[in-house]
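Below is one structure; the comments refer to it alone.
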Amino acid sequence: MSKLRVQSFAISLDGYGAGPDQDLEHPLGVRGPELMEWFFPTRVWQTMQEEADGETGIDNDMAELGFDNFGAWILGRNMFGPVRGPWPDDSWKGWWGDEPPYHTPVFVLTHHPRAPLQMAGGTEFRFVTEGIHSALEQAKEAAGDRDVRLGGGVSTVRQYLRAGLIDELHFALRPVLLGTGEHLWQGIDLHTLGYEVAKSVAGERATHVFLRKRA
Ligand SMILES: NC(=O)c1ccc[n+]([C@@H]2O[C@H](COP(=O)([O-])OP(=O)(O)OC[C@H]3O[C@@H](n4cnc5c(N)ncnc54)[C@H](OP(=O)(O)O)[C@@H]3O)[C@@H](O)[C@H]2O)c1
């Protein structure tokens with residue numbers, strides 16, 4: 001059965017999934033890139049950048065899981081881009097250029113309606129204003145037998161966690177302290193929500209922690 005999975009979500013040791021003050025210059029917020037330093041050297045990321053080989057190893061193996069068997073994605077509007085409030089026009093098409101790495105329908109949660117955007121390589125951004133349950137229903141229908149990846153950002157993952165809708169989560173825990181930004185766990189009791197740690201794997205630049213719903 002199709003699952004809702006969070007994969008390759010980076011957090012600092014003190015629980016932040018993005019730095020503060022996101023804008024065009026700081027997609028991940030100030031100091032946010034420190035969260036992704038496990039991912040940038042991997043072959044998965046380097047191949048996306050059409051760069052040289054990139055590193056193989058545990059971090060790369062974990063990054064590969066992020067593109068394994070997904071038929072649709074769900075994103076929050078802040079992960080999609082730096083534009084806030086009503087869309088001024090259709091010029092912002094995401095951070096990822098003409099051919100985003102999704103290659104599936106991508107459901108973007110927002111309060112501001114917008115027509116779907118068809119991109120090269122099979123990605124279609126569809127903007128959902130009816131909330132998390134509707135986005136999940138649409139994403140599951142689009143994904144068929146494959147899983148739905150909940151890409152983020154932080155507030156989006158928090159909402160799905162609180163609603164108990166996520167089946168599995170993989171976090172790349174980075175040994176950095178951000179001190180400020182978007183906090184993932186604040187006010188969330190994962191144990192009471194029914195989650196347990198399934199496994200933990202030490203990678204080259206992050207510790208990979210997998211959570212799942214208790215049986
Ligand atoms: N650490 C990681 O691995 C990782 C992964 C992905 C992203 N990120 C980072 O996380 C940051 C973004 O996280 P974030 O917490 O700021 O925002 P987010 O979750 O990406 O988006 C939040 C926005 O999405 C819209 N939205 C969310 N839920 C909604 C709902 N139920 N109904 C309607 N609209 C809804 C709202 O926008 P409007 O009201 O404006 O429409 C809301 O302000 C970025 O810096 C991104 O780079 C980090």
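Chain lettering (A, B, ...) mirrors the order of the structure tokens, residue numbering begins at 1 for each chain separately, and ligand numbering begins at 1 in order of display.
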Within 7 Å of region 60-70 of chain A, counting only C-alpha atoms, which residues show up once you throw out same-chain ones fewer than 4 positions away? Write them as number ranges by chain, please. A: 7-8, 39, 42-44, 55-56, 146-149
Within 6 Å of ligand 1: each chain A residue with its shortest pair, only C-alpha atoms and all ligand atoms, as a tab-separated table:
```
residue	atom	partner	partner_atom_place_in_ligand_line	distance
A:Phe9	CA	ligand 1	3 (O)	3.5
A:Ala10	CA	ligand 1	3 (O)	3.8
A:Ile11	CA	ligand 1	1 (N)	5.4
A:Gly17	CA	ligand 1	1 (N)	4.0
A:Ala18	CA	ligand 1	45 (O)	4.9
A:Gln22	CA	ligand 1	45 (O)	5.6
A:Pro27	CA	ligand 1	47 (O)	5.0
A:Leu28	CA	ligand 1	45 (O)	3.3
A:Gly29	CA	ligand 1	45 (O)	5.1
A:Gly76	CA	ligand 1	21 (O)	3.5
A:Arg77	CA	ligand 1	24 (O)	3.9
A:Asn78	CA	ligand 1	20 (O)	3.7
A:Met79	CA	ligand 1	20 (O)	3.8
A:Arg84	CA	ligand 1	40 (O)	5.1
A:Gly85	CA	ligand 1	40 (O)	5.1
A:Leu109	CA	ligand 1	35 (C)	4.5
A:Thr110	CA	ligand 1	41 (O)	3.2
A:His111	CA	ligand 1	41 (O)	3.9
A:His112	CA	ligand 1	41 (O)	5.1
A:Thr129	CA	ligand 1	33 (C)	5.2
A:Gly131	CA	ligand 1	31 (N)	4.0
A:Ile132	CA	ligand 1	31 (N)	4.9
A:Gly151	CA	ligand 1	6 (C)	5.5
A:Gly152	CA	ligand 1	6 (C)	4.0
A:Gly153	CA	ligand 1	13 (O)	3.4
A:Val154	CA	ligand 1	15 (O)	3.6
A:Ser155	CA	ligand 1	15 (O)	3.7
A:Thr156	CA	ligand 1	19 (O)	3.8
A:Glu182	CA	ligand 1	15 (O)	5.9
```
Trp92 (chain A): which residues within 12 Å, counting only C-alpha atoms, same-chain residues fewer than 6 positions away excluded, as a PDB file with C-alpha atoms, in the first residue's frame?
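Result written to out_1.pdb:
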```pdb
ATOM      1  CA  LEU A  24      15.992  34.601  -2.468  1.00  0.00           C
ATOM      2  CA  ARG A  77       4.780  26.976  -0.349  1.00  0.00           C
ATOM      3  CA  PHE A  80       8.674  26.028  -3.332  1.00  0.00           C
ATOM      4  CA  GLY A  81      10.094  29.546  -3.224  1.00  0.00           C
ATOM      5  CA  PRO A  82      10.620  32.912  -1.533  1.00  0.00           C
ATOM      6  CA  VAL A  83       7.416  34.589  -2.797  1.00  0.00           C
ATOM      7  CA  ARG A  84       4.966  35.299   0.045  1.00  0.00           C
ATOM      8  CA  ASP A  98      13.106  24.278 -16.193  1.00  0.00           C
ATOM      9  CA  ARG A 114      -2.621  29.504  -8.714  1.00  0.00           C
ATOM     10  CA  LEU A 117       2.604  24.643 -13.794  1.00  0.00           C
ATOM     11  CA  PHE A 125       3.327  21.792  -9.718  1.00  0.00           C
TER      12      PHE A 125
END
```
Surrounding residues of Gly19 (chain A) excluding itself and chain neighbours under 5 positions, 6 Å, only C-alpha atoms, as a ChimeraX atom specification: /A:29-32,181
Please provide as a PyMOL selection string all residues within 9 Å of region 192-203 of chain A, with the sequence filter that same-chain residues fewer than 2 positions apart are discarded (counting only C-alpha atoms). chain A and resi 38+57-60+62+161-164+167-168+172+188-190+205-215
So, with only C-alpha atoms as the atoms that count, which of A:Pro116, A:Gly144, A:Gly71, A:Pro175 lies closest to Lys93 (chain A)? A:Pro116
How would you write, as a ChimeraX atom specification, the set of residues in region 15-214 of chain A that DSSP gives as strand (DSSP E)? /A:16-18,70-76,105-109,117-118,124-128,147-152,168-174,182-183,195-202,207-213
Would you mind reading off the distance between CA of Met1 (chain A) and CA of Ala139 (chain A), one decimal, in Å?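 The value is 13.7 Å.
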How many Å separate CA of Trp87 (chain A) from CA of Glu124 (chain A)?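 Result for CA of Trp87 (chain A) versus CA of Glu124 (chain A): 17.4 Å, one decimal.
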